[in-house]
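Undergrad: Have a peek at start.csv (CSV, C-alpha atoms and all ligand atoms).
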```
chain,number,residue,atom,x,y,z
A,66,MET,CA,-43.9,43.6,-90.7
A,67,SER,CA,-41.2,44.1,-88.1
A,68,VAL,CA,-37.7,42.9,-89.1
A,69,PRO,CA,-35.9,40.9,-86.4
A,70,ILE,CA,-32.5,42.3,-85.8
A,71,ALA,CA,-29.5,41.5,-83.5
A,72,VAL,CA,-27.1,44.1,-82.3
A,73,LEU,CA,-23.5,43.2,-81.6
A,74,VAL,CA,-21.7,45.2,-79.0
A,75,SER,CA,-18.6,45.2,-76.9
A,76,GLY,CA,-18.7,48.4,-74.8
A,77,ARG,CA,-20.6,51.6,-74.0
A,78,GLY,CA,-23.6,51.0,-76.2
A,79,SER,CA,-24.5,54.5,-77.3
A,80,ASN,CA,-25.3,53.3,-80.8
A,81,LEU,CA,-27.4,50.5,-79.4
A,82,ARG,CA,-29.3,53.1,-77.5
A,83,ALA,CA,-29.8,55.3,-80.6
A,84,LEU,CA,-31.3,52.2,-82.4
A,85,MET,CA,-33.4,51.3,-79.4
A,86,GLU,CA,-34.8,54.9,-79.2
A,87,ALA,CA,-35.6,55.0,-82.9
A,88,GLU,CA,-37.3,51.6,-82.6
A,89,ASP,CA,-39.3,52.8,-79.7
A,90,LYS,CA,-40.5,55.7,-81.7
A,91,GLY,CA,-41.6,53.3,-84.4
A,92,GLN,CA,-39.1,54.8,-86.9
A,93,LEU,CA,-37.2,51.6,-87.8
A,94,GLY,CA,-39.7,48.9,-88.7
A,95,CYS,CA,-37.6,46.4,-86.8
A,96,SER,CA,-37.6,44.6,-83.5
A,97,ILE,CA,-34.3,44.2,-81.6
A,98,ARG,CA,-34.5,40.5,-80.7
A,99,CYS,CA,-31.2,40.2,-79.0
A,100,VAL,CA,-28.0,42.1,-78.0
A,101,ILE,CA,-24.9,40.0,-78.3
A,102,SER,CA,-21.7,41.0,-76.6
A,103,SER,CA,-18.1,39.9,-76.9
A,104,ASN,CA,-17.5,41.2,-73.4
A,105,SER,CA,-19.5,40.3,-70.3
A,106,GLU,CA,-18.6,43.7,-68.7
A,107,ALA,CA,-20.1,45.8,-71.6
A,108,ALA,CA,-22.3,48.6,-70.4
A,109,ALA,CA,-24.4,48.0,-73.5
A,110,LEU,CA,-25.7,44.8,-71.9
A,111,ASN,CA,-27.2,46.9,-69.1
A,112,HIS,CA,-29.1,49.1,-71.6
A,113,ALA,CA,-30.5,45.9,-73.2
A,114,ASN,CA,-31.4,44.3,-69.8
A,115,VAL,CA,-33.2,47.4,-68.6
A,116,ALA,CA,-35.3,47.4,-71.9
A,117,GLY,CA,-36.1,43.7,-71.4
A,118,ILE,CA,-34.1,42.7,-74.6
A,119,GLU,CA,-32.5,39.3,-74.5
A,120,THR,CA,-28.8,39.4,-74.1
A,121,CYS,CA,-25.9,36.9,-74.6
A,122,VAL,CA,-22.2,36.9,-74.3
A,123,CYS,CA,-20.3,35.1,-77.0
A,124,ALA,CA,-16.9,34.1,-75.7
A,125,LYS,CA,-14.1,31.8,-76.6
A,126,PRO,CA,-13.3,29.1,-77.7
A,127,ASP,CA,-15.5,29.7,-80.8
A,128,PRO,CA,-17.6,32.9,-80.5
A,129,ASP,CA,-18.7,32.8,-84.1
A,130,ALA,CA,-20.1,29.3,-83.9
A,131,GLN,CA,-22.1,30.5,-80.8
A,132,LEU,CA,-23.1,33.7,-82.6
A,133,LEU,CA,-24.3,31.7,-85.7
A,134,GLU,CA,-26.4,29.5,-83.6
A,135,ILE,CA,-28.2,32.4,-81.9
A,136,LEU,CA,-28.7,34.2,-85.2
A,137,GLU,CA,-30.3,31.1,-86.7
A,138,GLN,CA,-32.4,30.3,-83.7
A,139,GLN,CA,-33.8,33.8,-83.5
A,140,GLU,CA,-34.3,34.0,-87.3
A,141,ILE,CA,-32.4,37.2,-87.4
A,142,ALA,CA,-32.8,39.1,-90.7
A,143,LEU,CA,-30.3,41.9,-90.0
A,144,VAL,CA,-27.1,42.0,-87.8
A,145,CYS,CA,-26.0,45.5,-86.7
A,146,MET,CA,-22.4,45.7,-85.4
A,147,ALA,CA,-22.3,48.6,-83.0
A,148,GLY,CA,-18.9,48.9,-81.4
A,149,TYR,CA,-18.3,45.2,-81.7
A,150,MET,CA,-14.6,44.7,-81.2
A,151,ARG,CA,-14.2,41.4,-83.1
A,152,ILE,CA,-13.9,40.8,-86.8
A,153,LEU,CA,-16.5,38.4,-88.0
A,154,SER,CA,-15.2,35.3,-89.8
A,155,PRO,CA,-16.6,34.0,-93.1
A,156,ALA,CA,-18.6,31.5,-91.0
A,157,ILE,CA,-20.9,34.5,-90.3
A,158,THR,CA,-20.2,36.9,-93.2
A,159,THR,CA,-20.8,34.3,-95.9
A,160,PRO,CA,-24.3,33.1,-94.9
A,161,TYR,CA,-25.3,36.7,-93.8
A,162,ALA,CA,-23.7,38.5,-96.7
A,163,GLY,CA,-25.8,41.7,-97.4
A,164,ARG,CA,-27.4,41.3,-94.0
A,165,ILE,CA,-24.7,42.7,-91.7
A,166,LEU,CA,-24.2,46.5,-91.1
A,167,ASN,CA,-21.3,48.2,-89.3
A,168,ILE,CA,-20.8,51.7,-88.0
A,169,HIS,CA,-17.2,53.1,-88.1
A,170,PRO,CA,-16.0,56.4,-86.8
A,171,SER,CA,-14.1,57.6,-89.9
A,172,LEU,CA,-14.7,58.5,-93.5
A,173,LEU,CA,-13.9,55.0,-94.9
A,174,PRO,CA,-11.9,54.0,-96.7
A,175,ARG,CA,-9.7,56.3,-94.7
A,176,TYR,CA,-8.7,55.1,-91.2
A,177,PRO,CA,-10.1,51.5,-90.8
A,178,GLY,CA,-9.2,50.1,-87.4
A,179,LEU,CA,-8.7,51.7,-84.0
A,180,HIS,CA,-7.9,55.3,-82.7
A,181,THR,CA,-9.4,57.0,-85.7
A,182,HIS,CA,-9.9,60.4,-83.9
A,183,ARG,CA,-6.2,60.5,-82.8
A,184,ARG,CA,-5.0,59.5,-86.3
A,185,VAL,CA,-7.1,62.2,-87.9
A,186,LEU,CA,-5.7,64.8,-85.5
A,187,GLU,CA,-2.1,63.6,-86.1
A,188,ALA,CA,-2.6,63.8,-89.9
A,189,GLY,CA,-3.9,67.3,-89.6
A,190,ASP,CA,-7.0,66.5,-91.6
A,191,ALA,CA,-9.6,69.3,-92.0
A,192,GLU,CA,-12.5,66.9,-91.8
A,193,HIS,CA,-13.6,63.7,-90.2
A,194,GLY,CA,-16.7,61.7,-89.9
A,195,CYS,CA,-18.4,58.3,-89.7
A,196,THR,CA,-19.6,55.6,-92.1
A,197,VAL,CA,-22.3,52.9,-92.1
A,198,HIS,CA,-21.4,50.1,-94.5
A,199,PHE,CA,-22.2,46.5,-95.2
A,200,ALA,CA,-19.8,44.4,-93.3
A,201,THR,CA,-17.5,41.7,-94.7
A,202,ALA,CA,-14.8,39.6,-93.1
A,203,GLU,CA,-12.3,42.4,-93.9
A,204,LEU,CA,-11.7,44.9,-91.0
A,205,ASP,CA,-14.1,47.9,-91.6
A,206,GLY,CA,-14.4,46.8,-95.2
A,207,GLY,CA,-17.5,46.3,-97.3
A,208,PRO,CA,-19.6,48.5,-99.5
A,209,ARG,CA,-20.4,51.9,-98.0
A,210,ILE,CA,-24.0,53.2,-97.5
A,211,ILE,CA,-24.0,56.6,-95.8
A,212,GLN,CA,-21.4,59.0,-94.4
A,213,ALA,CA,-21.6,62.1,-92.2
A,214,THR,CA,-18.7,64.6,-92.4
A,215,VAL,CA,-17.8,67.0,-89.6
A,216,PRO,CA,-15.1,69.7,-89.5
A,217,VAL,CA,-12.0,69.2,-87.4
A,218,LEU,CA,-11.6,72.4,-85.3
A,219,SER,CA,-8.3,73.9,-84.4
A,220,ASP,CA,-8.8,73.4,-80.7
A,221,ASP,CA,-10.1,69.9,-81.0
A,222,ASP,CA,-8.7,67.1,-78.9
A,223,GLU,CA,-9.6,63.4,-79.3
A,224,ASP,CA,-12.6,63.8,-76.9
A,225,THR,CA,-14.2,66.8,-78.5
A,226,LEU,CA,-13.7,65.3,-82.0
A,227,ALA,CA,-15.1,61.9,-81.0
A,228,ALA,CA,-18.2,63.6,-79.4
A,229,ARG,CA,-18.9,65.5,-82.7
A,230,VAL,CA,-18.6,62.3,-84.7
A,231,LEU,CA,-20.6,60.3,-82.3
A,232,GLU,CA,-23.5,62.7,-82.5
A,233,GLN,CA,-23.6,61.9,-86.3
A,234,GLU,CA,-23.2,58.2,-85.7
A,235,HIS,CA,-26.5,58.3,-83.8
A,236,GLN,CA,-28.1,59.9,-86.9
A,237,ILE,CA,-26.8,57.8,-89.7
A,238,TYR,CA,-27.1,54.3,-88.1
A,239,PRO,CA,-30.8,54.5,-87.4
A,240,GLN,CA,-31.2,55.9,-90.9
A,241,ALA,CA,-29.4,53.0,-92.6
A,242,VAL,CA,-31.3,50.4,-90.5
A,243,GLN,CA,-34.6,52.1,-91.3
A,244,TRP,CA,-33.8,51.9,-95.1
A,245,PHE,CA,-32.9,48.2,-94.8
A,246,CYS,CA,-36.0,47.3,-92.8
A,247,GLN,CA,-38.3,49.2,-95.2
A,248,GLY,CA,-36.8,47.2,-98.0
A,249,GLU,CA,-35.2,50.3,-99.5
A,250,LEU,CA,-31.6,49.2,-99.1
A,251,ARG,CA,-30.0,46.1,-100.3
A,252,LEU,CA,-26.7,44.7,-101.4
A,253,ASP,CA,-26.3,42.8,-104.7
A,254,GLY,CA,-22.8,41.4,-105.1
A,255,ASP,CA,-20.7,44.5,-104.3
A,256,THR,CA,-23.3,46.9,-105.4
A,257,VAL,CA,-25.5,48.9,-102.9
A,258,TRP,CA,-29.0,49.7,-104.0
A,259,LEU,CA,-31.0,52.4,-102.3
A,260,HIS,CA,-34.5,53.4,-103.4
A,261,ASP,CA,-34.1,51.3,-106.6
A,262,GLN,CA,-30.9,53.3,-107.5
A,263,GLN,CA,-27.4,51.9,-107.7
A,264,LEU,CA,-25.2,53.9,-105.4
A,265,GLU,CA,-21.9,55.1,-106.9
A,266,GLY,CA,-20.6,56.1,-103.5
A,267,PRO,CA,-22.0,56.6,-100.0
A,268,ILE,CA,-24.9,58.9,-99.4
A,269,ALA,CA,-23.7,62.2,-97.8
A,270,HIS,CA,-25.8,62.8,-94.7
A,271,ALA,CA,-26.7,66.5,-94.4
A,272,VAL,CA,-25.2,67.5,-91.0
A,273,ALA,CA,-27.5,70.0,-89.3
B,301,LIG,C1,-18.4,53.9,-82.0
B,301,LIG,O1,-17.6,55.0,-82.3
B,301,LIG,C2,-18.5,53.1,-83.3
B,301,LIG,O2,-18.5,53.8,-84.4
B,301,LIG,C3,-17.3,52.2,-83.2
B,301,LIG,O3,-17.2,51.9,-81.8
B,301,LIG,C4,-17.8,53.0,-81.0
B,301,LIG,C5,-18.9,52.3,-80.2
B,301,LIG,O4,-19.5,53.2,-79.4
B,301,LIG,N1,-17.3,51.1,-84.0
B,301,LIG,P1,-20.9,52.8,-78.6
B,301,LIG,O5,-20.5,51.5,-77.9
B,301,LIG,O6,-21.9,52.6,-79.7
B,301,LIG,O7,-21.1,53.9,-77.7
```
Here is the file; what I need is its structure written in the form of structure tokens.
Ligand code: GRF

TA:
Amino acid sequence: MSVPIAVLVSGRGSNLRALMEAEDKGQLGCSIRCVISSNSEAAALNHANVAGIETCVCAKPDPDAQLLEILEQQEIALVCMAGYMRILSPAITTPYAGRILNIHPSLLPRYPGLHTHRRVLEAGDAEHGCTVHFATAELDGGPRIIQATVPVLSDDDEDTLAARVLEQEHQIYPQAVQWFCQGELRLDGDTVWLHDQQLEGPIAHAVA
């Protein structure tokens, strides 16, 4: 059975595209029912339109009420935040607890929030990466599922580092969605279960 998912976006949409490509190849076991944006100018909306996926812009005054209505109408089983620049309120995170994933460009719990690549360079860290986690109403909070780690090179700038991390985002997000859609991944309270095993920490993705 194909799991109905919604992807929440605000900008470029490269993670959306990674999910769409994996779905096209039949790797995810899901069907992207709608792409919902906080921003009517998001390039991600064009990718969805070209693919014939329904789109919607949830704007003020109450974007979460609008979002909830769409999720319920479409009987969405999994919500994937992919560069969504809003924090979801408990109006969404409570009824959808354990059914919302987020991708973040850092090795959480390090560097929640914005400008992660710049902050990693400023701190002089030797490594950086990305994380897929179950989302809560806390900014980039929630139990972690999988992480990919990349080295920070001596000649990196924000762009080169971001590109190295993004390549890994496009690997680990489809992987987590596939696990969820296959029924291999679930959240019970604060505990992540993968393949019937309780995770003590995020899975470390083997970077090729
Ligand atoms: C990604 O780096 C994602 O991790 C972060 O926002 C960025 C979105 O990029 N949350 P894209 O729109 O998926 O290309």

Undergrad: Using CA of Val122 (chain A) and CA of Glu106 (chain A) as the two end points, give the distance in Å to one decimal.

TA: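 A separation of 9.5 Å between them.
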
Undergrad: Once you count all atoms listed in the file, which residues end up within 9 Å of ligand LIG 301 (chain B), and could you hand them over as a ChimeraX atom specification?

TA: /A:74-83,107-109,146-150,167-171,178-179,195-197,205,227,230-231,234-235

Undergrad: Work out how far apart CA of Leu218 (chain A) and CA of Leu173 (chain A) are and give it in Å to one decimal.

TA: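 So the two atoms, CA of Leu218 (chain A) and CA of Leu173 (chain A), lie 20.0 Å apart.
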
Undergrad: Can you work out which one of A:Leu172, A:Gln243, A:Ile101, A:Ala162 has the shortest atom-to-atom distance to Glu88 (chain A), counting all atoms listed in the file?

TA: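 When distances to Glu88 (chain A) are compared using all atoms listed in the file, the smallest one comes from A:Gln243.
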
Undergrad: If you measure from CA of Arg251 (chain A) to CA of Cys121 (chain A), what distance in Å do you get, rounded to one decimal?

TA: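 If I compute the distance from CA of Arg251 (chain A) to CA of Cys121 (chain A), I get 27.6 Å.
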
Undergrad: Take the point (-23.5, 66.8, -87.8) in the file's coordinates, draw a sphere of radius 10 Å around it, and report as a list in words every protein, DNA or RNA residue with an atom inside or on it, counting only C-alpha atoms.

TA: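 Applying the cut-off with only C-alpha atoms, one gets Gly194, Ala213, Thr214, Val215, Pro216, Arg229, Val230, Leu231, Glu232, Gln233, Glu234, His235, Gln236, Ile237, His270, Ala271, Val272 and Ala273 of chain A.
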
Undergrad: For a quick check of understanding, using only C-alpha atoms, which of A:Ile97, A:Ala113, A:Val144, A:Leu136 has the smallest distance to Ile165 (chain A)?

TA: A:Val144

Undergrad: Measuring atom to atom with all atoms listed in the file, identify which of A:Leu204, A:Ile135, A:Leu93, A:Val100 is nearest to Leu73 (chain A).

TA: A:Val100

Undergrad: Pick out the closest residue to Ala202 (chain A) from this set: A:Pro155, A:Gly163, A:Pro239, A:Gly248. Count all atoms listed in the file.

TA: A:Pro155

Undergrad: Out of A:Leu264, A:Ile157, A:Val242, A:Ala130, which residue has the shortest atom-to-atom distance to Met85 (chain A) when counting all atoms listed in the file?

TA: A:Val242

Undergrad: How would region 173-188 of chain A look written as a PDB file, in the first residue's frame with all heavy atoms?

TA:
```
ATOM      1  N   LEU A 173      22.518  17.501  14.751  1.00  0.00           N
ATOM      2  CA  LEU A 173      21.734  17.829  15.950  1.00  0.00           C
ATOM      3  C   LEU A 173      22.121  16.882  17.087  1.00  0.00           C
ATOM      4  O   LEU A 173      22.429  15.713  16.815  1.00  0.00           O
ATOM      5  CB  LEU A 173      20.227  17.696  15.637  1.00  0.00           C
ATOM      6  CG  LEU A 173      19.646  18.762  14.710  1.00  0.00           C
ATOM      7  CD1 LEU A 173      18.219  18.392  14.302  1.00  0.00           C
ATOM      8  CD2 LEU A 173      19.677  20.147  15.342  1.00  0.00           C
ATOM      9  N   PRO A 174      22.190  17.340  18.335  1.00  0.00           N
ATOM     10  CA  PRO A 174      21.613  18.599  18.823  1.00  0.00           C
ATOM     11  C   PRO A 174      22.493  19.836  18.593  1.00  0.00           C
ATOM     12  O   PRO A 174      22.131  20.916  19.060  1.00  0.00           O
ATOM     13  CB  PRO A 174      21.440  18.331  20.323  1.00  0.00           C
ATOM     14  CG  PRO A 174      22.533  17.380  20.655  1.00  0.00           C
ATOM     15  CD  PRO A 174      22.687  16.493  19.454  1.00  0.00           C
ATOM     16  N   ARG A 175      23.631  19.668  17.911  1.00  0.00           N
ATOM     17  CA  ARG A 175      24.442  20.862  17.629  1.00  0.00           C
ATOM     18  C   ARG A 175      23.748  21.723  16.573  1.00  0.00           C
ATOM     19  O   ARG A 175      23.203  21.201  15.611  1.00  0.00           O
ATOM     20  CB  ARG A 175      25.813  20.456  17.101  1.00  0.00           C
ATOM     21  CG  ARG A 175      26.762  19.998  18.200  1.00  0.00           C
ATOM     22  CD  ARG A 175      28.154  19.802  17.649  1.00  0.00           C
ATOM     23  NE  ARG A 175      28.410  18.406  17.347  1.00  0.00           N
ATOM     24  CZ  ARG A 175      29.445  17.961  16.656  1.00  0.00           C
ATOM     25  NH1 ARG A 175      30.320  18.797  16.150  1.00  0.00           N
ATOM     26  NH2 ARG A 175      29.608  16.671  16.460  1.00  0.00           N
ATOM     27  N   TYR A 176      23.777  22.991  16.726  1.00  0.00           N
ATOM     28  CA  TYR A 176      23.328  23.975  15.733  1.00  0.00           C
ATOM     29  C   TYR A 176      21.882  23.843  15.245  1.00  0.00           C
ATOM     30  O   TYR A 176      21.649  23.690  14.047  1.00  0.00           O
ATOM     31  CB  TYR A 176      24.269  23.976  14.518  1.00  0.00           C
ATOM     32  CG  TYR A 176      25.713  24.148  14.885  1.00  0.00           C
ATOM     33  CD1 TYR A 176      26.613  23.094  14.711  1.00  0.00           C
ATOM     34  CD2 TYR A 176      26.174  25.341  15.434  1.00  0.00           C
ATOM     35  CE1 TYR A 176      27.950  23.234  15.065  1.00  0.00           C
ATOM     36  CE2 TYR A 176      27.507  25.480  15.793  1.00  0.00           C
ATOM     37  CZ  TYR A 176      28.386  24.422  15.605  1.00  0.00           C
ATOM     38  OH  TYR A 176      29.698  24.566  15.955  1.00  0.00           O
ATOM     39  N   PRO A 177      20.915  23.873  16.142  1.00  0.00           N
ATOM     40  CA  PRO A 177      19.543  24.059  15.640  1.00  0.00           C
ATOM     41  C   PRO A 177      19.448  25.469  15.061  1.00  0.00           C
ATOM     42  O   PRO A 177      20.291  26.325  15.368  1.00  0.00           O
ATOM     43  CB  PRO A 177      18.688  23.927  16.912  1.00  0.00           C
ATOM     44  CG  PRO A 177      19.612  24.274  18.034  1.00  0.00           C
ATOM     45  CD  PRO A 177      21.000  23.877  17.604  1.00  0.00           C
ATOM     46  N   GLY A 178      18.432  25.719  14.242  1.00  0.00           N
ATOM     47  CA  GLY A 178      18.234  27.075  13.722  1.00  0.00           C
ATOM     48  C   GLY A 178      18.958  27.323  12.411  1.00  0.00           C
ATOM     49  O   GLY A 178      19.318  26.380  11.702  1.00  0.00           O
ATOM     50  N   LEU A 179      19.174  28.607  12.142  1.00  0.00           N
ATOM     51  CA  LEU A 179      19.663  29.029  10.817  1.00  0.00           C
ATOM     52  C   LEU A 179      21.188  29.091  10.751  1.00  0.00           C
ATOM     53  O   LEU A 179      21.871  29.002  11.755  1.00  0.00           O
ATOM     54  CB  LEU A 179      19.092  30.413  10.485  1.00  0.00           C
ATOM     55  CG  LEU A 179      17.568  30.499  10.361  1.00  0.00           C
ATOM     56  CD1 LEU A 179      17.127  31.944  10.169  1.00  0.00           C
ATOM     57  CD2 LEU A 179      17.071  29.625   9.210  1.00  0.00           C
ATOM     58  N   HIS A 180      21.689  29.244   9.517  1.00  0.00           N
ATOM     59  CA  HIS A 180      23.115  29.517   9.233  1.00  0.00           C
ATOM     60  C   HIS A 180      24.043  28.471   9.834  1.00  0.00           C
ATOM     61  O   HIS A 180      25.095  28.797  10.390  1.00  0.00           O
ATOM     62  CB  HIS A 180      23.497  30.918   9.742  1.00  0.00           C
ATOM     63  CG  HIS A 180      22.569  31.996   9.266  1.00  0.00           C
ATOM     64  ND1 HIS A 180      22.322  32.228   7.912  1.00  0.00           N
ATOM     65  CD2 HIS A 180      21.792  32.872   9.940  1.00  0.00           C
ATOM     66  CE1 HIS A 180      21.458  33.200   7.792  1.00  0.00           C
ATOM     67  NE2 HIS A 180      21.099  33.607   8.991  1.00  0.00           N
ATOM     68  N   THR A 181      23.665  27.237   9.723  1.00  0.00           N
ATOM     69  CA  THR A 181      24.445  26.181  10.375  1.00  0.00           C
ATOM     70  C   THR A 181      25.859  26.071   9.785  1.00  0.00           C
ATOM     71  O   THR A 181      26.817  25.854  10.518  1.00  0.00           O
ATOM     72  CB  THR A 181      23.738  24.823  10.252  1.00  0.00           C
ATOM     73  OG1 THR A 181      23.536  24.540   8.865  1.00  0.00           O
ATOM     74  CG2 THR A 181      22.399  24.833  10.959  1.00  0.00           C
ATOM     75  N   HIS A 182      25.968  26.223   8.454  1.00  0.00           N
ATOM     76  CA  HIS A 182      27.288  26.036   7.825  1.00  0.00           C
ATOM     77  C   HIS A 182      28.253  27.135   8.297  1.00  0.00           C
ATOM     78  O   HIS A 182      29.400  26.862   8.633  1.00  0.00           O
ATOM     79  CB  HIS A 182      27.145  26.035   6.305  1.00  0.00           C
ATOM     80  CG  HIS A 182      26.027  25.152   5.820  1.00  0.00           C
ATOM     81  ND1 HIS A 182      25.994  23.804   6.096  1.00  0.00           N
ATOM     82  CD2 HIS A 182      24.893  25.418   5.130  1.00  0.00           C
ATOM     83  CE1 HIS A 182      24.887  23.282   5.591  1.00  0.00           C
ATOM     84  NE2 HIS A 182      24.191  24.237   5.000  1.00  0.00           N
ATOM     85  N   ARG A 183      27.742  28.358   8.340  1.00  0.00           N
ATOM     86  CA  ARG A 183      28.560  29.479   8.812  1.00  0.00           C
ATOM     87  C   ARG A 183      28.995  29.258  10.266  1.00  0.00           C
ATOM     88  O   ARG A 183      30.148  29.456  10.632  1.00  0.00           O
ATOM     89  CB  ARG A 183      27.743  30.771   8.713  1.00  0.00           C
ATOM     90  CG  ARG A 183      28.550  32.027   9.003  1.00  0.00           C
ATOM     91  CD  ARG A 183      27.663  33.249   9.071  1.00  0.00           C
ATOM     92  NE  ARG A 183      26.759  33.330   7.924  1.00  0.00           N
ATOM     93  CZ  ARG A 183      25.704  34.141   7.851  1.00  0.00           C
ATOM     94  NH1 ARG A 183      25.402  34.926   8.863  1.00  0.00           N
ATOM     95  NH2 ARG A 183      24.938  34.167   6.782  1.00  0.00           N
ATOM     96  N   ARG A 184      28.072  28.790  11.073  1.00  0.00           N
ATOM     97  CA  ARG A 184      28.386  28.616  12.498  1.00  0.00           C
ATOM     98  C   ARG A 184      29.419  27.501  12.702  1.00  0.00           C
ATOM     99  O   ARG A 184      30.286  27.599  13.574  1.00  0.00           O
ATOM    100  CB  ARG A 184      27.094  28.333  13.272  1.00  0.00           C
ATOM    101  CG  ARG A 184      26.216  29.601  13.368  1.00  0.00           C
ATOM    102  CD  ARG A 184      24.738  29.279  13.559  1.00  0.00           C
ATOM    103  NE  ARG A 184      24.404  28.700  14.819  1.00  0.00           N
ATOM    104  CZ  ARG A 184      23.278  28.000  15.044  1.00  0.00           C
ATOM    105  NH1 ARG A 184      22.398  27.821  14.066  1.00  0.00           N
ATOM    106  NH2 ARG A 184      23.028  27.508  16.226  1.00  0.00           N
ATOM    107  N   VAL A 185      29.319  26.459  11.879  1.00  0.00           N
ATOM    108  CA  VAL A 185      30.300  25.365  11.966  1.00  0.00           C
ATOM    109  C   VAL A 185      31.688  25.880  11.583  1.00  0.00           C
ATOM    110  O   VAL A 185      32.695  25.586  12.252  1.00  0.00           O
ATOM    111  CB  VAL A 185      29.864  24.201  11.041  1.00  0.00           C
ATOM    112  CG1 VAL A 185      31.011  23.246  10.768  1.00  0.00           C
ATOM    113  CG2 VAL A 185      28.693  23.457  11.671  1.00  0.00           C
ATOM    114  N   LEU A 186      31.764  26.687  10.524  1.00  0.00           N
ATOM    115  CA  LEU A 186      33.060  27.244  10.091  1.00  0.00           C
ATOM    116  C   LEU A 186      33.613  28.184  11.158  1.00  0.00           C
ATOM    117  O   LEU A 186      34.802  28.129  11.486  1.00  0.00           O
ATOM    118  CB  LEU A 186      32.901  27.974   8.754  1.00  0.00           C
ATOM    119  CG  LEU A 186      32.659  27.072   7.539  1.00  0.00           C
ATOM    120  CD1 LEU A 186      32.287  27.903   6.316  1.00  0.00           C
ATOM    121  CD2 LEU A 186      33.883  26.209   7.238  1.00  0.00           C
ATOM    122  N   GLU A 187      32.753  29.010  11.714  1.00  0.00           N
ATOM    123  CA  GLU A 187      33.206  29.959  12.737  1.00  0.00           C
ATOM    124  C   GLU A 187      33.722  29.233  13.993  1.00  0.00           C
ATOM    125  O   GLU A 187      34.652  29.688  14.645  1.00  0.00           O
ATOM    126  CB  GLU A 187      32.068  30.911  13.125  1.00  0.00           C
ATOM    127  CG  GLU A 187      31.869  32.008  12.093  1.00  0.00           C
ATOM    128  CD  GLU A 187      30.571  32.816  12.300  1.00  0.00           C
ATOM    129  OE1 GLU A 187      29.823  32.556  13.268  1.00  0.00           O
ATOM    130  OE2 GLU A 187      30.335  33.688  11.460  1.00  0.00           O
ATOM    131  N   ALA A 188      33.090  28.100  14.299  1.00  0.00           N
ATOM    132  CA  ALA A 188      33.500  27.348  15.494  1.00  0.00           C
ATOM    133  C   ALA A 188      34.760  26.534  15.237  1.00  0.00           C
ATOM    134  O   ALA A 188      35.369  26.006  16.169  1.00  0.00           O
ATOM    135  CB  ALA A 188      32.364  26.428  15.933  1.00  0.00           C
TER     136      ALA A 188
END
```
